[in-house]
Amino acid sequence: MSKNVFVEGPISPEFIAESIAKHQSKHTIGAHNIFLGQVRADVIHDNTVVAIDYSAYTDMANEALYAIRERAFAKFDLTCMHIYHSLGIVKAGEICLFVFVSATRRKQVYEATEAIVNWIKTDVPIFGKEMFENDTFTWKQNS
């Protein structure tokens, strides 16, 4: 089972908690792993990032996320995998990426989560415009 969704604005702690709660009825799962990407208040050329405005080529991004899903299920013994990424403005301190991986055993979820996050960073056409407190911006470089 997999779900890849773009969320307008930040991903709320309540949404994350509800996602975890929904999996309590799935008794074949023995392990979950969660990655939460949070917007940092980086200082770039003496300007502090106050938010990131995310945009994407959604059709291409959805195709890339589907390919990541297929690759993850082929490589790891997963039960569930969910990817949620923000679009629009996400302020420093708020969550912009939520990857939730489930399997029967813990080793698979650790390895899968790291791989999936890396694939998202390199393969999905999502763009972040880092907004500074002085109303200027720069395009984010994935690392």
# chains A, B, ... in the order shown; residues from 1 in each chain; ligands from 1
call {"tool": "residues_around", "arguments": {"residues": "Phe6 (chain A)", "least_positions_apart": "3", "cutoff": "8 Å", "atoms": "only C-alpha atoms", "output": "count of residues only"}}
result
4
call {"tool": "residues_around", "arguments": {"residues": "region 97-108 of chain A", "least_positions_apart": "2", "cutoff": "7 Å", "atoms": "only C-alpha atoms", "output": "VMD selection string"}}
result
chain A and resid 28 to 37 76 to 86 95 110 to 113
call {"tool": "select_by_dssp", "arguments": {"residues": "chain A", "states": "strand (DSSP E or B)", "output": "PyMOL selection string"}}
result
chain A and resi 2-8+11+31-38+43-44+47-56+78-91+95-103+126-132+137-139
call {"tool": "residues_around", "arguments": {"residues": "region 128-131 of chain A", "least_positions_apart": "6", "cutoff": "6 Å", "atoms": "only C-alpha atoms", "output": "ChimeraX atom specification"}}
result
/A:49-54,137-140
call {"tool": "write_last_selection", "arguments": {"atoms": "N, CA and C atoms", "output": "CSV table (one decimal), in the first residue's frame"}}
result
chain,number,residue,atom,x,y,z
A,49,VAL,N,16.5,32.7,6.3
A,49,VAL,CA,15.3,32.1,5.6
A,49,VAL,C,14.2,32.1,6.6
A,50,VAL,N,13.0,32.7,6.2
A,50,VAL,CA,11.8,32.7,7.1
A,50,VAL,C,10.8,31.7,6.6
A,51,ALA,N,10.9,31.3,5.3
A,51,ALA,CA,9.9,30.4,4.8
A,51,ALA,C,10.5,29.8,3.5
A,52,ILE,N,9.9,28.7,3.0
A,52,ILE,CA,10.2,28.2,1.7
A,52,ILE,C,8.9,28.1,0.9
A,53,ASP,N,8.9,28.6,-0.3
A,53,ASP,CA,7.7,28.5,-1.2
A,53,ASP,C,8.0,27.4,-2.1
A,54,TYR,N,7.3,26.2,-1.9
A,54,TYR,CA,7.5,25.1,-2.7
A,54,TYR,C,6.6,25.0,-3.9
A,137,PHE,N,14.7,36.5,-2.2
A,137,PHE,CA,14.7,35.1,-2.2
A,137,PHE,C,15.9,34.5,-3.0
A,138,THR,N,16.1,33.2,-2.8
A,138,THR,CA,17.0,32.4,-3.6
A,138,THR,C,16.4,31.0,-3.8
A,139,TRP,N,16.8,30.4,-4.9
A,139,TRP,CA,16.3,29.0,-5.1
A,139,TRP,C,17.1,28.0,-4.3
A,140,LYS,N,16.4,27.2,-3.6
A,140,LYS,CA,17.1,26.2,-2.8
A,140,LYS,C,17.8,25.1,-3.6
call {"tool": "closest_residue", "arguments": {"among": "A:Ile11, A:Ile120, A:Ile126, A:Ala92", "to": "Arg40 (chain A)", "atoms": "only C-alpha atoms"}}
result
A:Ala92
call {"tool": "select_by_dssp", "arguments": {"residues": "chain A", "states": "helix (DSSP H, G or I)", "output": "MDAnalysis selection string"}}
result
chainID A and resid 13:25 58:75 106:123
